[in-house]
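What follows is a single structure, written as structure tokens, with notes after it.
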Amino acid sequence: MKLGILGGSFNPVHLGHLFLAELAISQLKLDRVVFIPAYRSPFKLEVMEAENVFFPGANDRIDMLASAIAGDSRFAVDTCEIKREGVSYTIETLEDIIERFLPDGKPVLIIGDDLAEDFPKWRESDKILQLADIAIAQRINSGSVNYPYQHIQLENEVMNISSQTIRRKIIECSAWRSIVPSGVRAIIEDRRLYGLASFDKKPDEDCTMANIQLVEAAVRETLSTERFIHSKNTALHASDMCRRLGLDPAAGYLAGIAHDFAKQLDNKQILKIIKSAKHEISAMEKDKPNLLHGKAAAVLLKERFRIHNKDVLEAITYHTSGSPDMGLLAKVIYIADKTESSRNIDYDLRKMCSTATREDELDNILYIVLEKTILKLKAKELVLFEDTLMLINKMKGRIS
């Protein structure tokens with residue numbers, strides 16, 4: 001195996017790091033690049049002392065690296081420097097990696113030209129040159145620079161991305177999310193790293209971005225493209241409504257993205273899920289098992305993803321039939337499912353959905369949506385859920 005080694009603080013890892021590793025694989029015909037996060041980098045001590053920002057621990061940086069390279073067999077993470085603790089020196093790491101990874105020929109040590117000039121000053125730099133080939137990537141120089149030691153010059157564009165810039169952008173609340181992998185973004189947001197102030201309070205442990213990403217990926221794999229787009233639109237609509245109503249937008253998004261998770265399962269699968277959870281099945285649901293897809297989706301969310309948020313599960317369960325006892329989030333999801341942006345609804349109703357900030361306004365919208373839903377079902381000569389009729393009567397009493 002021809003091996004590349006890319007060390008750094010990775011604080012945080014970003015798309016520039018991944019691009020550099022892929023570039024090295026392509027140009028140098030490597031089989032794998034090993035990312036090695038430093039415990040304390042001798043090159044970053046002054047930066048760390050100068051920045052007035054909380055630096056995450058080693059486990060956070062390892063988790064971010066692991067999420068960034070998930071599913072890609074060309075990349076690996078090794079924690080030898082973290083385990084050694086103290087200041088990390090390349091010669092020690094290089095000897096360790098060679099002994100354990102047994103590469104074919106010399107491994108390739110990938111460094112940026114911001115470090116290349118001082119390479120002769122590194123501890124035992126002559127021995128490093130004996131053990132590894134040095135590949136230098138352009139980070140600050142747009143052209144090749146001659147260095148007084150044998151090296152390989154990688155041909156790459158200079159990418160104006162650095163971990164320090166990302167940390168600064170996070171502190172300044174400017175754009176940073178598109179220059180890190182989605183899994184890294186989730187960890188930064190969920191753990192509120194680098195002084196992130198995205199949340200007024202700590203997010204519900206079930207409604208973290210990491211959980212939402214896992215659920216959304218599963219929904220995308222399960223549903224048709226058209227049905228997934230509907231779920232995505234419902235999630236966005238629900239999140240926006242929750243934000244205006246003072247509810248948790250993440251909970252609204254999670255319930256919205258997952259509400260049709262079981263929609264395209266066949267009837268036998270749906271019945272099996274419901275029976276395994278020991279839910280009661282009405283005569284109407286037994287006759288038309290697809291009516292149970294909301295309840296089945298809630299079961300799947302709980303069993304597969306360990307989601308236990310009662311409001312989220314209730315919202316998903318009752319998005320089809322409604323319930324006279326359902327809470328605010330369940331009302332939001334019922335409305336969002338019927339009024340998301342791809343639905344053909346009238347302007348006035350869409351405007352009401354986009355401006356509601358109080359529970360009484362939400363109840364008024366719910367009553368209108370229920371009326372329209374019942375009229376549509378009656379036009380198709382379909383039997384109505386008893387819960388739906390009880391819910392509209394309750395809403396009618398509230399707004400009259």
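How things are named: the first chain in the structure tokens is A, the next is B, and so on; residues count from 1 in each chain; ligands count from 1 in the order shown.
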
Excluding Ala76 of chain A and residues on its chain fewer than 3 positions from it, collect all residues at most 12 Å away from it, counting only C-alpha atoms, and give them as a ChimeraX atom specification.
-> /A:3-7,18,21,31-37,62,65-73,79,101

Go ahead and write the selection's residues with C-alpha atoms as a compact mmCIF listing (two decimals), in the first residue's frame.
# COMPACT_ATOMS: atom_id res chain seq x y z
CA LEU A 3 0.69 5.66 1.87
CA GLY A 4 0.31 9.39 2.33
CA ILE A 5 0.47 11.15 5.70
CA LEU A 6 -1.29 14.45 6.39
CA GLY A 7 -0.84 15.90 9.85
CA LEU A 18 -10.02 16.81 2.00
CA ALA A 21 -5.65 14.63 0.43
CA ASP A 31 -3.69 4.11 -2.05
CA ARG A 32 -4.55 5.93 1.16
CA VAL A 33 -3.95 9.12 3.09
CA VAL A 34 -3.81 8.96 6.89
CA PHE A 35 -4.98 12.08 8.73
CA ILE A 36 -3.06 12.52 11.99
CA PRO A 37 -4.45 15.13 14.40
CA ILE A 62 -11.18 13.24 16.18
CA LEU A 65 -12.25 14.05 11.24
CA ALA A 66 -14.08 10.72 11.44
CA SER A 67 -17.31 12.30 10.22
CA ALA A 68 -15.51 14.12 7.41
CA ILE A 69 -14.08 10.93 5.89
CA ALA A 70 -16.97 8.56 6.68
CA GLY A 71 -17.49 5.91 4.00
CA ASP A 72 -14.33 6.81 2.04
CA SER A 73 -11.82 3.94 2.07
CA THR A 79 -4.59 9.05 16.86
CA PHE A 101 1.10 0.50 8.56

Contacts of Thr208 of chain A at 10 Å (only C-alpha atoms; same-chain gap of 2+ positions) as a VMD selection string | chain A and resid 186 to 187 189 to 191 202 to 206 210 to 213 250 to 251 254

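Among the candidate residues A:Phe261, A:Asp63, A:Lys288, A:Phe55, the one lying nearest to Leu382 of chain A is A:Lys288, with distances computed using only C-alpha atoms.
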
Distance criterion (only C-alpha atoms): nearest to Leu196 of chain A out of A:Ile273, A:Leu375, A:Leu214, A:Ile171 |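 Under the stated criterion, the closest residue is A:Ile171.
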
Interatomic distance (Å, one decimal) between atom CA of Lys338 of chain A and atom CA of Thr355 of chain A = 16.4 Å

Using only C-alpha atoms, determine which residues lie at most 12 Å from Lys302 of chain A, disregarding the query and same-chain residues fewer than 2 positions distant; provide the list as a PDB file with C-alpha atoms, in the first residue's frame.
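Dumped everything to around37.pdb:
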ATOM      1  CA  ASP A 206     -33.030  13.995  20.064  1.00  0.00           C
ATOM      2  CA  ASN A 211     -29.628  12.934  14.304  1.00  0.00           C
ATOM      3  CA  VAL A 215     -32.864  10.481   9.626  1.00  0.00           C
ATOM      4  CA  ALA A 255     -40.860  15.732  12.509  1.00  0.00           C
ATOM      5  CA  ALA A 258     -39.691  11.990   8.961  1.00  0.00           C
ATOM      6  CA  ILE A 273     -44.303  -2.551  12.315  1.00  0.00           C
ATOM      7  CA  ALA A 277     -45.070  -2.022  18.690  1.00  0.00           C
ATOM      8  CA  LYS A 295     -47.840   5.669  13.327  1.00  0.00           C
ATOM      9  CA  ALA A 296     -45.386   3.342  11.589  1.00  0.00           C
ATOM     10  CA  ALA A 297     -42.992   6.224  10.889  1.00  0.00           C
ATOM     11  CA  ALA A 298     -43.015   7.175  14.577  1.00  0.00           C
ATOM     12  CA  VAL A 299     -42.207   3.585  15.525  1.00  0.00           C
ATOM     13  CA  LEU A 300     -39.313   3.476  13.050  1.00  0.00           C
ATOM     14  CA  ARG A 304     -34.023   2.747  14.539  1.00  0.00           C
ATOM     15  CA  PHE A 305     -32.794   6.153  15.638  1.00  0.00           C
ATOM     16  CA  ARG A 306     -33.599   6.158  19.375  1.00  0.00           C
ATOM     17  CA  ILE A 307     -35.712   9.301  19.035  1.00  0.00           C
ATOM     18  CA  HIS A 308     -37.856   9.647  22.155  1.00  0.00           C
ATOM     19  CA  ASN A 309     -39.004  13.269  21.944  1.00  0.00           C
ATOM     20  CA  LYS A 310     -42.724  12.949  22.727  1.00  0.00           C
ATOM     21  CA  VAL A 312     -41.914  14.837  17.617  1.00  0.00           C
ATOM     22  CA  LEU A 313     -43.339  11.318  17.816  1.00  0.00           C
ATOM     23  CA  GLU A 314     -46.862  12.635  18.445  1.00  0.00           C
ATOM     24  CA  ILE A 316     -45.570  12.216  13.150  1.00  0.00           C
ATOM     25  CA  THR A 317     -48.161   9.792  14.520  1.00  0.00           C
TER      26      THR A 317
END

Return as a ChimeraX atom specification the full set of residues in segment 217-276 of chain A whose backbone-based DSSP assignment is alpha helix (DSSP H).
-> /A:217-222,225-245,249-258,267-276

Could you give me, as a list in words, the residues within 12 Å of Ala58 of chain A, counting only C-alpha atoms and dropping anything in the same chain fewer than 5 positions from it?
-> Ser9, Phe10, Asn11, Pro12, Ile36, Pro37, Ala38, Tyr39, Arg40, Asp63, Met64, Leu65, Thr79, Cys80, Glu81, Ile82, Lys83, Arg84 and Glu85 of chain A

Only C-alpha atoms, please: the residues just picked out, written as a CSV table (one decimal), in the first residue's frame.
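Just written: again.csv:
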chain,number,residue,atom,x,y,z
A,9,SER,CA,-4.4,20.4,14.2
A,10,PHE,CA,-7.6,20.0,12.1
A,11,ASN,CA,-9.3,22.5,14.3
A,12,PRO,CA,-11.7,22.1,12.5
A,36,ILE,CA,-3.1,12.5,12.0
A,37,PRO,CA,-4.5,15.1,14.4
A,38,ALA,CA,-1.8,16.7,16.6
A,39,TYR,CA,-2.2,16.8,20.4
A,40,ARG,CA,-0.3,20.1,20.5
A,63,ASP,CA,-15.0,13.0,15.8
A,64,MET,CA,-15.0,15.8,13.2
A,65,LEU,CA,-12.3,14.1,11.2
A,79,THR,CA,-4.6,9.1,16.9
A,80,CYS,CA,-1.0,8.2,17.7
A,81,GLU,CA,-0.1,11.9,18.5
A,82,ILE,CA,-3.2,12.3,20.7
A,83,LYS,CA,-2.2,9.2,22.6
A,84,ARG,CA,1.4,10.4,23.1
A,85,GLU,CA,0.2,13.8,24.3

For atom CA of Gly327 of chain A and atom CA of Pro249 of chain A, the interatomic separation in Å (one decimal) |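 Atom CA of Pro249 of chain A lies 15.1 Å from atom CA of Gly327 of chain A.
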
Point out the residue among A:Asp248, A:Cys207, A:Ala356, A:Thr320 with the least atom-to-atom distance to Lys263 of chain A, counting only C-alpha atoms.
-> A:Thr320

Extract the full set of strand (DSSP E) residues from segment 131-210 of chain A according to DSSP on the backbone, and format it as a short mmCIF file (atom, residue, chain, number, x, y, z; two decimals) with N, CA and C atoms, in the first residue's frame.
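Result written to result.cif:
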data_model
loop_
_atom_site.label_atom_id
_atom_site.label_comp_id
_atom_site.auth_asym_id
_atom_site.auth_seq_id
_atom_site.Cartn_x
_atom_site.Cartn_y
_atom_site.Cartn_z
N ASP A 133 9.15 10.54 1.56
CA ASP A 133 9.19 11.54 0.50
C ASP A 133 8.35 12.73 0.95
N ILE A 134 8.81 13.93 0.68
CA ILE A 134 8.10 15.14 1.08
C ILE A 134 7.34 15.68 -0.13
N ALA A 135 6.03 15.84 0.01
CA ALA A 135 5.20 16.45 -1.03
C ALA A 135 4.70 17.79 -0.51
N ILE A 136 4.95 18.85 -1.29
CA ILE A 136 4.61 20.19 -0.85
C ILE A 136 3.44 20.73 -1.67
N ALA A 137 2.40 21.14 -0.97
CA ALA A 137 1.22 21.72 -1.63
C ALA A 137 1.26 23.23 -1.51
N ILE A 152 8.69 16.72 -3.64
CA ILE A 152 7.75 16.65 -4.76
C ILE A 152 6.85 17.88 -4.67
N GLN A 153 6.68 18.56 -5.78
CA GLN A 153 5.80 19.73 -5.80
C GLN A 153 4.42 19.32 -6.32
#

Atom CA of Ile257 of chain A and atom CA of Thr234 of chain A are how many Å apart?
->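 Calculated distance between atom CA of Ile257 of chain A and atom CA of Thr234 of chain A is 6.7 Å.
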
Identify which of the residues A:Ile270, A:Ala175, A:Val87, A:Val145 lies closest to Arg123 of chain A, counting only C-alpha atoms when measuring atom-to-atom distances.
->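 Smallest separation from Arg123 of chain A among the options: A:Val87.
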